[in-house]
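Next comes final-v4.pdb, with PDB, C-alpha atoms and all ligand atoms.
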```pdb
ATOM      1  CA  MET A 138      21.920  12.922 -20.399  1.00  0.00           C
ATOM      2  CA  GLU A 139      23.611  13.240 -17.047  1.00  0.00           C
ATOM      3  CA  ASP A 140      22.283  10.937 -14.349  1.00  0.00           C
ATOM      4  CA  ILE A 141      21.011  12.918 -11.399  1.00  0.00           C
ATOM      5  CA  GLY A 142      19.915  11.180  -8.230  1.00  0.00           C
ATOM      6  CA  CYS A 143      18.406   7.779  -7.727  1.00  0.00           C
ATOM      7  CA  ASN A 144      15.910   6.614 -10.327  1.00  0.00           C
ATOM      8  CA  CYS A 145      15.501   2.842 -10.222  1.00  0.00           C
ATOM      9  CA  ALA A 146      12.043   3.183 -11.790  1.00  0.00           C
ATOM     10  CA  LYS A 147      13.665   4.323 -15.035  1.00  0.00           C
ATOM     11  CA  CYS A 148      16.737   2.081 -14.925  1.00  0.00           C
ATOM     12  CA  ALA A 149      17.226   0.603 -18.408  1.00  0.00           C
ATOM     13  CA  VAL A 150      20.102  -1.747 -17.508  1.00  0.00           C
ATOM     14  CA  VAL A 151      19.151  -5.319 -18.409  1.00  0.00           C
ATOM     15  CA  GLU A 152      21.619  -7.193 -16.200  1.00  0.00           C
ATOM     16  CA  LYS A 153      21.059  -5.137 -13.093  1.00  0.00           C
ATOM     17  CA  ILE A 154      23.588  -5.104 -10.292  1.00  0.00           C
ATOM     18  CA  CYS A 155      20.781  -5.293  -7.730  1.00  0.00           C
ATOM     19  CA  ARG A 156      19.435  -8.506  -9.244  1.00  0.00           C
ATOM     20  CA  LEU A 157      22.517 -10.393 -10.440  1.00  0.00           C
ATOM     21  CA  GLU A 158      25.778 -11.238  -8.691  1.00  0.00           C
ATOM     22  CA  LYS A 159      27.726  -9.793 -11.610  1.00  0.00           C
ATOM     23  CA  GLY A 160      25.348  -7.146 -12.877  1.00  0.00           C
ATOM     24  CA  ARG A 161      25.778  -3.489 -13.730  1.00  0.00           C
ATOM     25  CA  GLY A 162      24.136  -0.231 -12.777  1.00  0.00           C
ATOM     26  CA  PRO A 163      23.955   3.294 -14.226  1.00  0.00           C
ATOM     27  CA  ALA A 164      25.966   6.188 -12.759  1.00  0.00           C
ATOM     28  CA  SER A 165      23.038   7.106 -10.508  1.00  0.00           C
ATOM     29  CA  CYS A 166      22.677   3.517  -9.237  1.00  0.00           C
ATOM     30  CA  PRO A 167      22.071   3.474  -5.473  1.00  0.00           C
ATOM     31  CA  THR A 168      23.566  -0.015  -5.207  1.00  0.00           C
ATOM     32  CA  LYS A 169      26.852   1.565  -6.329  1.00  0.00           C
ATOM     33  CA  LYS A 170      26.528   5.012  -4.742  1.00  0.00           C
ATOM     34  CA  GLU A 171      24.708   4.540  -1.447  1.00  0.00           C
ATOM     35  CA  GLY A 172      27.118   2.269   0.402  1.00  0.00           C
ATOM     36  CA  PRO A 173      26.860   3.922   3.848  1.00  0.00           C
ATOM     37  CA  THR A 174      23.056   4.061   3.688  1.00  0.00           C
ATOM     38  CA  LEU A 175      22.844   0.443   2.569  1.00  0.00           C
ATOM     39  CA  GLU A 176      25.150  -0.517   5.449  1.00  0.00           C
ATOM     40  CA  GLU A 177      23.073   1.495   7.915  1.00  0.00           C
ATOM     41  CA  ALA A 178      19.888  -0.195   6.681  1.00  0.00           C
ATOM     42  CA  LEU A 179      21.491  -3.635   6.880  1.00  0.00           C
ATOM     43  CA  GLU A 180      22.391  -3.086  10.528  1.00  0.00           C
ATOM     44  CA  ARG A 181      18.704  -2.683  11.336  1.00  0.00           C
ATOM     45  CA  TYR A 182      18.157  -6.312  10.324  1.00  0.00           C
ATOM     46  CA  ASP A 183      20.427  -7.336  13.200  1.00  0.00           C
ATOM     47  CA  ASP A 184      17.647  -6.404  15.613  1.00  0.00           C
ATOM     48  CA  VAL A 185      16.271  -9.822  16.622  1.00  0.00           C
ATOM     49  CA  GLU A 186      12.597  -8.987  16.044  1.00  0.00           C
ATOM     50  CA  ILE A 187      13.193  -7.167  12.782  1.00  0.00           C
ATOM     51  CA  LYS A 188      15.383  -9.981  11.537  1.00  0.00           C
ATOM     52  CA  GLU A 189      12.724 -12.597  12.289  1.00  0.00           C
ATOM     53  CA  PHE A 190      10.004 -10.476  10.684  1.00  0.00           C
ATOM     54  CA  ALA A 191      12.114  -9.891   7.570  1.00  0.00           C
ATOM     55  CA  ARG A 192      13.026 -13.579   7.404  1.00  0.00           C
ATOM     56  CA  ALA A 193       9.405 -14.708   7.744  1.00  0.00           C
ATOM     57  CA  ALA A 194       8.268 -12.183   5.112  1.00  0.00           C
ATOM     58  CA  SER A 195      10.820 -13.523   2.649  1.00  0.00           C
ATOM     59  CA  VAL A 196       9.957 -17.143   3.446  1.00  0.00           C
ATOM     60  CA  GLN A 197       6.332 -16.215   2.812  1.00  0.00           C
ATOM     61  CA  GLU A 198       7.290 -14.554  -0.465  1.00  0.00           C
ATOM     62  CA  GLY A 199       8.891 -17.796  -1.684  1.00  0.00           C
ATOM     63  CA  ALA A 200       5.948 -19.859  -0.428  1.00  0.00           C
ATOM     64  CA  CYS A 201       3.646 -17.936  -2.781  1.00  0.00           C
ATOM     65  CA  TYR A 202       5.109 -19.727  -5.834  1.00  0.00           C
ATOM     66  CA  ALA A 203       4.886 -23.333  -7.049  1.00  0.00           C
ATOM     67  CA  MET A 204       7.512 -25.495  -8.793  1.00  0.00           C
ATOM     68  CA  ARG A 205      10.416 -23.457  -7.452  1.00  0.00           C
ATOM     69  CA  ASP A 206      12.855 -26.312  -8.050  1.00  0.00           C
ATOM     70  CA  ALA A 207      11.948 -26.851 -11.729  1.00  0.00           C
ATOM     71  CA  LYS A 208      14.466 -25.558 -14.281  1.00  0.00           C
ATOM     72  CA  PRO A 209      14.119 -23.452 -16.325  1.00  0.00           C
ATOM     73  CA  PHE A 210      12.143 -21.528 -13.746  1.00  0.00           C
ATOM     74  CA  VAL A 211       8.670 -20.426 -14.735  1.00  0.00           C
ATOM     75  CA  MET A 212       6.897 -18.125 -12.324  1.00  0.00           C
ATOM     76  CA  ILE A 213       3.736 -19.826 -11.007  1.00  0.00           C
ATOM     77  CA  PRO A 214       2.166 -17.697  -8.275  1.00  0.00           C
ATOM     78  CA  THR A 215      -0.354 -19.622  -6.208  1.00  0.00           C
ATOM     79  CA  LYS A 216      -1.660 -17.465  -3.373  1.00  0.00           C
ATOM     80  CA  SER A 217      -3.991 -14.507  -3.209  1.00  0.00           C
ATOM     81  CA  ARG A 218      -3.315 -11.630  -0.824  1.00  0.00           C
ATOM     82  CA  ILE A 219      -5.813 -12.979   1.726  1.00  0.00           C
ATOM     83  CA  GLU A 220      -4.121 -16.389   1.725  1.00  0.00           C
ATOM     84  CA  GLU A 221      -0.749 -14.717   2.035  1.00  0.00           C
ATOM     85  CA  LEU A 222      -1.998 -12.647   4.969  1.00  0.00           C
ATOM     86  CA  ILE A 223      -3.363 -15.708   6.801  1.00  0.00           C
ATOM     87  CA  GLU A 224      -0.228 -17.774   6.206  1.00  0.00           C
ATOM     88  CA  PHE A 225       2.120 -14.981   7.194  1.00  0.00           C
ATOM     89  CA  SER A 226       0.163 -14.211  10.375  1.00  0.00           C
ATOM     90  CA  GLN A 227       0.204 -17.910  11.306  1.00  0.00           C
ATOM     91  CA  ARG A 228       3.911 -18.106  10.500  1.00  0.00           C
ATOM     92  CA  MET A 229       4.563 -15.212  12.858  1.00  0.00           C
ATOM     93  CA  GLY A 230       2.368 -16.698  15.587  1.00  0.00           C
ATOM     94  CA  TYR A 231       0.063 -13.671  15.661  1.00  0.00           C
ATOM     95  CA  LYS A 232      -3.158 -14.054  17.613  1.00  0.00           C
ATOM     96  CA  ARG A 233      -4.725 -10.585  17.727  1.00  0.00           C
ATOM     97  CA  LEU A 234      -5.062  -8.689  14.462  1.00  0.00           C
ATOM     98  CA  GLY A 235      -6.071  -5.046  14.151  1.00  0.00           C
ATOM     99  CA  LEU A 236      -8.244  -4.093  11.198  1.00  0.00           C
ATOM    100  CA  ALA A 237      -8.472  -0.393  10.333  1.00  0.00           C
ATOM    101  CA  PHE A 238     -11.068  -0.067   7.606  1.00  0.00           C
ATOM    102  CA  CYS A 239     -12.883   2.596   5.635  1.00  0.00           C
ATOM    103  CA  GLY A 240     -16.561   2.991   6.548  1.00  0.00           C
ATOM    104  CA  GLY A 241     -17.314   2.776   2.825  1.00  0.00           C
ATOM    105  CA  LEU A 242     -15.957  -0.777   2.843  1.00  0.00           C
ATOM    106  CA  THR A 243     -17.842  -2.043   5.870  1.00  0.00           C
ATOM    107  CA  TYR A 244     -19.168  -5.075   3.992  1.00  0.00           C
ATOM    108  CA  GLU A 245     -15.677  -6.022   2.823  1.00  0.00           C
ATOM    109  CA  ALA A 246     -14.341  -5.502   6.349  1.00  0.00           C
ATOM    110  CA  ALA A 247     -17.000  -7.860   7.721  1.00  0.00           C
ATOM    111  CA  VAL A 248     -16.068 -10.529   5.159  1.00  0.00           C
ATOM    112  CA  LEU A 249     -12.351 -10.156   5.877  1.00  0.00           C
ATOM    113  CA  SER A 250     -12.987 -10.230   9.611  1.00  0.00           C
ATOM    114  CA  GLU A 251     -15.122 -13.384   9.327  1.00  0.00           C
ATOM    115  CA  ILE A 252     -12.479 -15.170   7.266  1.00  0.00           C
ATOM    116  CA  LEU A 253      -9.761 -14.239   9.774  1.00  0.00           C
ATOM    117  CA  ASP A 254     -12.038 -15.390  12.636  1.00  0.00           C
ATOM    118  CA  LYS A 255     -12.436 -18.756  10.943  1.00  0.00           C
ATOM    119  CA  HIS A 256      -8.670 -19.136  10.818  1.00  0.00           C
ATOM    120  CA  GLY A 257      -8.433 -18.641  14.563  1.00  0.00           C
ATOM    121  CA  PHE A 258      -7.457 -14.983  14.827  1.00  0.00           C
ATOM    122  CA  GLU A 259      -8.994 -12.478  17.179  1.00  0.00           C
ATOM    123  CA  VAL A 260      -9.838  -9.430  15.072  1.00  0.00           C
ATOM    124  CA  ILE A 261     -10.125  -5.960  16.573  1.00  0.00           C
ATOM    125  CA  SER A 262     -11.722  -3.817  13.866  1.00  0.00           C
ATOM    126  CA  VAL A 263     -12.208  -0.057  13.859  1.00  0.00           C
ATOM    127  CA  SER A 264     -14.100   2.005  11.276  1.00  0.00           C
ATOM    128  CA  CYS A 265     -12.586   5.240  10.008  1.00  0.00           C
ATOM    129  CA  LYS A 266     -15.717   7.054  11.199  1.00  0.00           C
ATOM    130  CA  VAL A 267     -15.061   6.102  14.812  1.00  0.00           C
ATOM    131  CA  GLY A 268     -16.084   8.897  17.185  1.00  0.00           C
ATOM    132  CA  GLY A 269     -18.701  10.289  14.807  1.00  0.00           C
ATOM    133  CA  ILE A 270     -17.045  13.689  14.945  1.00  0.00           C
ATOM    134  CA  PRO A 271     -18.352  16.272  12.446  1.00  0.00           C
ATOM    135  CA  LYS A 272     -15.939  17.274   9.702  1.00  0.00           C
ATOM    136  CA  GLU A 273     -16.264  20.888  10.817  1.00  0.00           C
ATOM    137  CA  ARG A 274     -13.945  19.919  13.725  1.00  0.00           C
ATOM    138  CA  ILE A 275     -10.979  19.852  11.335  1.00  0.00           C
ATOM    139  CA  GLY A 276     -12.050  22.942   9.426  1.00  0.00           C
ATOM    140  CA  ILE A 277     -14.038  21.384   6.603  1.00  0.00           C
ATOM    141  CA  LYS A 278     -16.562  23.828   5.126  1.00  0.00           C
ATOM    142  CA  ASP A 279     -20.016  22.695   4.109  1.00  0.00           C
ATOM    143  CA  GLU A 280     -19.185  23.070   0.409  1.00  0.00           C
ATOM    144  CA  GLU A 281     -16.158  20.805   0.867  1.00  0.00           C
ATOM    145  CA  LYS A 282     -18.211  17.838   2.059  1.00  0.00           C
ATOM    146  CA  ILE A 283     -19.183  14.846  -0.067  1.00  0.00           C
ATOM    147  CA  ARG A 284     -22.860  15.548   0.598  1.00  0.00           C
ATOM    148  CA  ILE A 285     -23.197  19.293   0.845  1.00  0.00           C
ATOM    149  CA  GLY A 286     -25.638  20.442   3.477  1.00  0.00           C
ATOM    150  CA  GLU A 287     -25.553  17.156   5.423  1.00  0.00           C
ATOM    151  CA  PHE A 288     -23.924  16.016   8.664  1.00  0.00           C
ATOM    152  CA  GLU A 289     -20.704  14.200   7.783  1.00  0.00           C
ATOM    153  CA  PRO A 290     -18.418  12.499  10.282  1.00  0.00           C
ATOM    154  CA  MET A 291     -14.717  12.981   9.699  1.00  0.00           C
ATOM    155  CA  CYS A 292     -12.415  10.083   8.955  1.00  0.00           C
ATOM    156  CA  ASN A 293     -10.443   9.554  12.116  1.00  0.00           C
ATOM    157  CA  PRO A 294      -7.323   7.511  11.325  1.00  0.00           C
ATOM    158  CA  ILE A 295      -5.481   8.777  14.405  1.00  0.00           C
ATOM    159  CA  ALA A 296      -8.228   7.345  16.635  1.00  0.00           C
ATOM    160  CA  GLN A 297      -8.165   4.092  14.645  1.00  0.00           C
ATOM    161  CA  ALA A 298      -4.433   3.812  15.292  1.00  0.00           C
ATOM    162  CA  LYS A 299      -4.682   4.692  18.971  1.00  0.00           C
ATOM    163  CA  ILE A 300      -7.516   2.217  19.609  1.00  0.00           C
ATOM    164  CA  LEU A 301      -5.481  -0.561  17.988  1.00  0.00           C
ATOM    165  CA  ASN A 302      -2.398   0.541  19.949  1.00  0.00           C
ATOM    166  CA  HIS A 303      -4.382   0.283  23.192  1.00  0.00           C
ATOM    167  CA  ALA A 304      -5.692  -3.143  22.164  1.00  0.00           C
ATOM    168  CA  GLY A 305      -2.105  -4.358  21.880  1.00  0.00           C
ATOM    169  CA  THR A 306      -2.615  -5.922  18.471  1.00  0.00           C
ATOM    170  CA  ASP A 307       0.136  -8.216  17.208  1.00  0.00           C
ATOM    171  CA  PHE A 308      -0.212  -7.006  13.623  1.00  0.00           C
ATOM    172  CA  ASN A 309      -2.421  -4.523  11.822  1.00  0.00           C
ATOM    173  CA  ILE A 310      -4.240  -4.502   8.506  1.00  0.00           C
ATOM    174  CA  MET A 311      -5.387  -1.457   6.572  1.00  0.00           C
ATOM    175  CA  LEU A 312      -8.428  -1.884   4.374  1.00  0.00           C
ATOM    176  CA  GLY A 313      -9.399   0.864   1.955  1.00  0.00           C
ATOM    177  CA  LEU A 314      -8.365   3.927   3.923  1.00  0.00           C
ATOM    178  CA  CYS A 315      -8.429   7.122   1.870  1.00  0.00           C
ATOM    179  CA  LEU A 316      -5.225   8.601   0.526  1.00  0.00           C
ATOM    180  CA  GLY A 317      -3.841  10.803   3.294  1.00  0.00           C
ATOM    181  CA  HIS A 318      -5.951   9.187   5.999  1.00  0.00           C
ATOM    182  CA  ASP A 319      -3.801   6.125   5.415  1.00  0.00           C
ATOM    183  CA  SER A 320      -0.713   8.313   5.936  1.00  0.00           C
ATOM    184  CA  LEU A 321      -1.977   9.503   9.303  1.00  0.00           C
ATOM    185  CA  PHE A 322      -2.843   5.965  10.361  1.00  0.00           C
ATOM    186  CA  LEU A 323       0.700   4.856   9.551  1.00  0.00           C
ATOM    187  CA  LYS A 324       2.134   7.826  11.428  1.00  0.00           C
ATOM    188  CA  TYR A 325       0.256   6.981  14.633  1.00  0.00           C
ATOM    189  CA  ILE A 326       0.086   3.168  14.660  1.00  0.00           C
ATOM    190  CA  ASP A 327       2.704   1.595  16.914  1.00  0.00           C
ATOM    191  CA  GLY A 328       2.766  -1.963  15.580  1.00  0.00           C
ATOM    192  CA  LEU A 329       3.772  -3.319  12.222  1.00  0.00           C
ATOM    193  CA  THR A 330       1.054  -2.912   9.629  1.00  0.00           C
ATOM    194  CA  THR A 331       0.232  -4.316   6.236  1.00  0.00           C
ATOM    195  CA  VAL A 332      -2.071  -2.987   3.534  1.00  0.00           C
ATOM    196  CA  PHE A 333      -4.800  -5.331   2.362  1.00  0.00           C
ATOM    197  CA  ALA A 334      -6.295  -2.819  -0.079  1.00  0.00           C
ATOM    198  CA  VAL A 335      -6.047   0.873  -0.839  1.00  0.00           C
ATOM    199  CA  LYS A 336      -8.948   3.156  -1.672  1.00  0.00           C
ATOM    200  CA  ASP A 337      -9.664   3.682  -5.356  1.00  0.00           C
ATOM    201  CA  ARG A 338     -13.249   4.744  -5.793  1.00  0.00           C
ATOM    202  CA  VAL A 339     -13.354   4.193  -9.543  1.00  0.00           C
ATOM    203  CA  THR A 340     -11.431   0.969 -10.159  1.00  0.00           C
ATOM    204  CA  GLY A 341     -12.862  -1.306  -7.473  1.00  0.00           C
ATOM    205  CA  HIS A 342      -9.897  -0.404  -5.255  1.00  0.00           C
ATOM    206  CA  ASN A 343      -7.396  -1.532  -7.830  1.00  0.00           C
ATOM    207  CA  PRO A 344      -5.313   1.572  -8.650  1.00  0.00           C
ATOM    208  CA  MET A 345      -3.090  -0.534 -10.886  1.00  0.00           C
ATOM    209  CA  ALA A 346      -5.950  -0.645 -13.407  1.00  0.00           C
ATOM    210  CA  ALA A 347      -5.309   3.003 -14.302  1.00  0.00           C
ATOM    211  CA  LEU A 348      -1.612   2.264 -14.832  1.00  0.00           C
ATOM    212  CA  TYR A 349      -2.277  -0.811 -16.948  1.00  0.00           C
ATOM    213  CA  THR A 350      -4.689   1.182 -19.136  1.00  0.00           C
ATOM    214  CA  HIS A 351      -2.701   4.432 -19.330  1.00  0.00           C
ATOM    215  CA  LYS A 352      -2.228   3.942 -23.086  1.00  0.00           C
ATOM    216  CA  SER A 353      -5.920   3.303 -23.693  1.00  0.00           C
ATOM    217  CA  TYR A 354      -8.794   4.233 -21.407  1.00  0.00           C
ATOM    218  CA  TYR A 355      -6.627   6.207 -18.998  1.00  0.00           C
ATOM    219  CA  GLN A 356      -4.544   7.995 -21.646  1.00  0.00           C
ATOM    220  CA  ARG A 357      -5.711  11.261 -20.079  1.00  0.00           C
ATOM    221  CA  LEU A 358      -3.116  10.622 -17.354  1.00  0.00           C
ATOM    222  CA  MET A 359      -0.405  11.307 -19.912  1.00  0.00           C
ATOM    223  CA  LYS A 360      -2.240  13.741 -22.152  1.00  0.00           C
ATOM    224  CA  MET A 361      -4.207  16.093 -19.940  1.00  0.00           C
ATOM    225  CA  GLU A 362      -3.661  18.226 -16.912  1.00  0.00           C
ATOM    226  CA  PHE A 363      -6.218  17.950 -14.150  1.00  0.00           C
ATOM    227  CA  GLY A 364      -8.749  20.657 -13.445  1.00  0.00           C
ATOM    228  CA  SER A 365     -12.469  21.303 -13.542  1.00  0.00           C
ATOM    229  CA  PRO A 366     -14.444  19.541 -16.323  1.00  0.00           C
ATOM    230  CA  GLU A 367     -14.563  22.882 -18.204  1.00  0.00           C
ATOM    231  CA  GLU A 368     -10.808  23.376 -17.920  1.00  0.00           C
ATOM    232  CA  MET A 369     -10.158  19.782 -18.978  1.00  0.00           C
ATOM    233  CA  LYS A 370     -12.455  20.237 -21.982  1.00  0.00           C
ATOM    234  CA  SER A 371     -10.666  23.398 -23.124  1.00  0.00           C
ATOM    235  CA  ARG A 372      -7.290  21.684 -22.754  1.00  0.00           C
ATOM    236  CA  LEU A 373      -8.571  18.719 -24.750  1.00  0.00           C
ATOM    237  CA  VAL A 374      -9.542  21.050 -27.594  1.00  0.00           C
ATOM    238  CA  SER A 375      -6.051  22.530 -27.616  1.00  0.00           C
ATOM    239  CA  TYR A 376      -4.516  19.020 -27.594  1.00  0.00           C
ATOM    240  CA  ASP A 377      -6.714  18.112 -30.565  1.00  0.00           C
ATOM    241  CA  LYS A 378      -5.474  21.160 -32.437  1.00  0.00           C
ATOM    242  CA  GLY A 379      -2.084  19.678 -31.863  1.00  0.00           C
TER     243      GLY A 379
HETATM  244  S1  LIG A 401      19.739  -0.395  -7.996  1.00  0.00           S
HETATM  245 FE1  LIG A 401      20.964   0.246  -9.775  1.00  0.00          FE
HETATM  246  S2  LIG A 401      20.798  -1.474 -11.208  1.00  0.00           S
HETATM  247 FE2  LIG A 401      19.169  -1.719  -9.704  1.00  0.00          FE
HETATM  248  S3  LIG A 401      17.373  -0.727 -10.636  1.00  0.00           S
HETATM  249 FE3  LIG A 401      18.382   0.799  -9.326  1.00  0.00          FE
HETATM  250  S4  LIG A 401      19.738   1.895 -10.733  1.00  0.00           S
HETATM  251 FE4  LIG A 401      19.183  -0.012 -11.768  1.00  0.00          FE
END
```
Would you encode the structure as structure tokens?
Ligand code: SF4
Amino acid sequence: MEDIGCNCAKCAVVEKICRLEKGRGPASCPTKKEGPTLEEALERYDDVEIKEFARAASVQEGACYAMRDAKPFVMIPTKSRIEELIEFSQRMGYKRLGLAFCGGLTYEAAVLSEILDKHGFEVISVSCKVGGIPKERIGIKDEEKIRIGEFEPMCNPIAQAKILNHAGTDFNIMLGLCLGHDSLFLKYIDGLTTVFAVKDRVTGHNPMAALYTHKSYYQRLMKMEFGSPEEMKSRLVSYDKG
């Protein structure tokens, strides 16, 4: 089959050109085809601040493994995301951290904030419900709410971003923002931002669980189209009939 476009996710080459000094890549390989773009990207690392950030991030990456000098190398990761976040923020000399969290994860935000406090950071935290503005303001109909017939404040990621921008945070952390609300936060936040956790209402905010179980409990991801329960049921019957 002809290679069209860039598709690293499906690259079957074992000795990859992007991972080995003398590796190979398929015809669509961006390491082989995208020279000008790679060059353009590389120039951005010459910016002093970007270069230091990129350097510190890669130093932190290495620092998350043990026994790095033992041969043959066996991967021994040692640090959780929270430890990585604390170490990286210390490495960068950050003092004031912004925390944009989902109102549904207020408890988790309080725990994260307390831990960061204990490590000497000043945490400016903002809930997604900030402003308490009714969802009707962005055109949500009553039947489109989570609790039909009730007052529901809209998620307000643009306000979260602007409040953290005004606070002059050194670095920002997203905790559990909804899909799409996270996109708006990233569009409007000025400073560099990391994701501590993404929203996944079913898997304890671990969306990877659905990928890891796509051949067992989440096989519907590969075998069914989405729709109403009735539509899904009728499709299931037709799948069963083969
Ligand atoms: S950069 Fe090239 S070799 Fe590396 S994963 Fe992508 S297609 Fe494969």
Could you tell me, counting all atoms listed in the file, which protein and nucleic acid residues lie no more than 8 Å from ligand LIG 401 (chain A), written as a ChimeraX atom specification? /A:143-150,152-156,160-169
Give as a VMD selection string the residues that the PyMOL selection byres (((chain A and resi 326) around 10) and not hetatm) matches when applied to the coordinates above. chain A and resid 294 to 302 309 321 to 325 327 to 330
Could you tell me, as a PyMOL selection string, exactly which residues end up selected when the PyMOL selection byres (((chain A and resi 193) around 12) and not hetatm) is applied to this structure? chain A and resi 186-192+194-200+221-222+224-230
What's around Leu253 of chain A at 12 Å? Count only C-alpha atoms, leave out sequence neighbours fewer than 2 positions away in its own chain, and write the answer as a PyMOL selection string. chain A and resi 219-224+226-227+231-236+246-251+255-262+310
I need the residues from that last selection saved to file as a short mmCIF file (atom, residue, chain, number, x, y, z; two decimals), keeping the file's coordinate frame (with C-alpha atoms), if you can.
```cif
data_model
loop_
_atom_site.label_atom_id
_atom_site.label_comp_id
_atom_site.auth_asym_id
_atom_site.auth_seq_id
_atom_site.Cartn_x
_atom_site.Cartn_y
_atom_site.Cartn_z
CA ILE A 219 -5.81 -12.98 1.73
CA GLU A 220 -4.12 -16.39 1.72
CA GLU A 221 -0.75 -14.72 2.04
CA LEU A 222 -2.00 -12.65 4.97
CA ILE A 223 -3.36 -15.71 6.80
CA GLU A 224 -0.23 -17.77 6.21
CA SER A 226 0.16 -14.21 10.38
CA GLN A 227 0.20 -17.91 11.31
CA TYR A 231 0.06 -13.67 15.66
CA LYS A 232 -3.16 -14.05 17.61
CA ARG A 233 -4.72 -10.58 17.73
CA LEU A 234 -5.06 -8.69 14.46
CA GLY A 235 -6.07 -5.05 14.15
CA LEU A 236 -8.24 -4.09 11.20
CA ALA A 246 -14.34 -5.50 6.35
CA ALA A 247 -17.00 -7.86 7.72
CA VAL A 248 -16.07 -10.53 5.16
CA LEU A 249 -12.35 -10.16 5.88
CA SER A 250 -12.99 -10.23 9.61
CA GLU A 251 -15.12 -13.38 9.33
CA LYS A 255 -12.44 -18.76 10.94
CA HIS A 256 -8.67 -19.14 10.82
CA GLY A 257 -8.43 -18.64 14.56
CA PHE A 258 -7.46 -14.98 14.83
CA GLU A 259 -8.99 -12.48 17.18
CA VAL A 260 -9.84 -9.43 15.07
CA ILE A 261 -10.12 -5.96 16.57
CA SER A 262 -11.72 -3.82 13.87
CA ILE A 310 -4.24 -4.50 8.51
#
```
Find, counting all atoms listed in the file, the residue in A:Ile283, A:Gly313, A:Val211, A:Gln356 that gets nearest to Tyr244 of chain A.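 Closest to Tyr244 of chain A, using all atoms listed in the file: A:Gly313.
Minimum distance to Leu314 of chain A across A:Gly240, A:Pro173, A:Pro344, A:Gly142 (counting all atoms listed in the file) occurs at A:Gly240.
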Report the distance between atom CA of Glu245 of chain A and atom CA of Leu312 of chain A in Å, rounded to one decimal place.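 Calculated distance between atom CA of Glu245 of chain A and atom CA of Leu312 of chain A is 8.5 Å.
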Restricting the calculation to only C-alpha atoms, which member of A:Ile285, A:Asn343, A:Asn293, A:Met361 is positioned closest to Gly269 of chain A? A:Asn293
Selection dump of the PyMOL selection byres (((chain A and resi 266) around 10) and not hetatm), as a list in words: Phe238, Cys239, Gly240, Gly241, Val263, Ser264, Cys265, Val267, Gly268, Gly269, Ile270, Pro271, Glu289, Pro290, Met291, Cys292, Asn293, Pro294, Ala296 and Gln297 of chain A
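If you count only C-alpha atoms and ignore residues fewer than 4 places along the chain from Cys201 of chain A, what sits within 6 Å of it is Pro214, Thr215 and Lys216 of chain A.
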In Å to one decimal, how far is atom CA of Val151 of chain A from atom CA of Lys208 of chain A? 21.2 Å
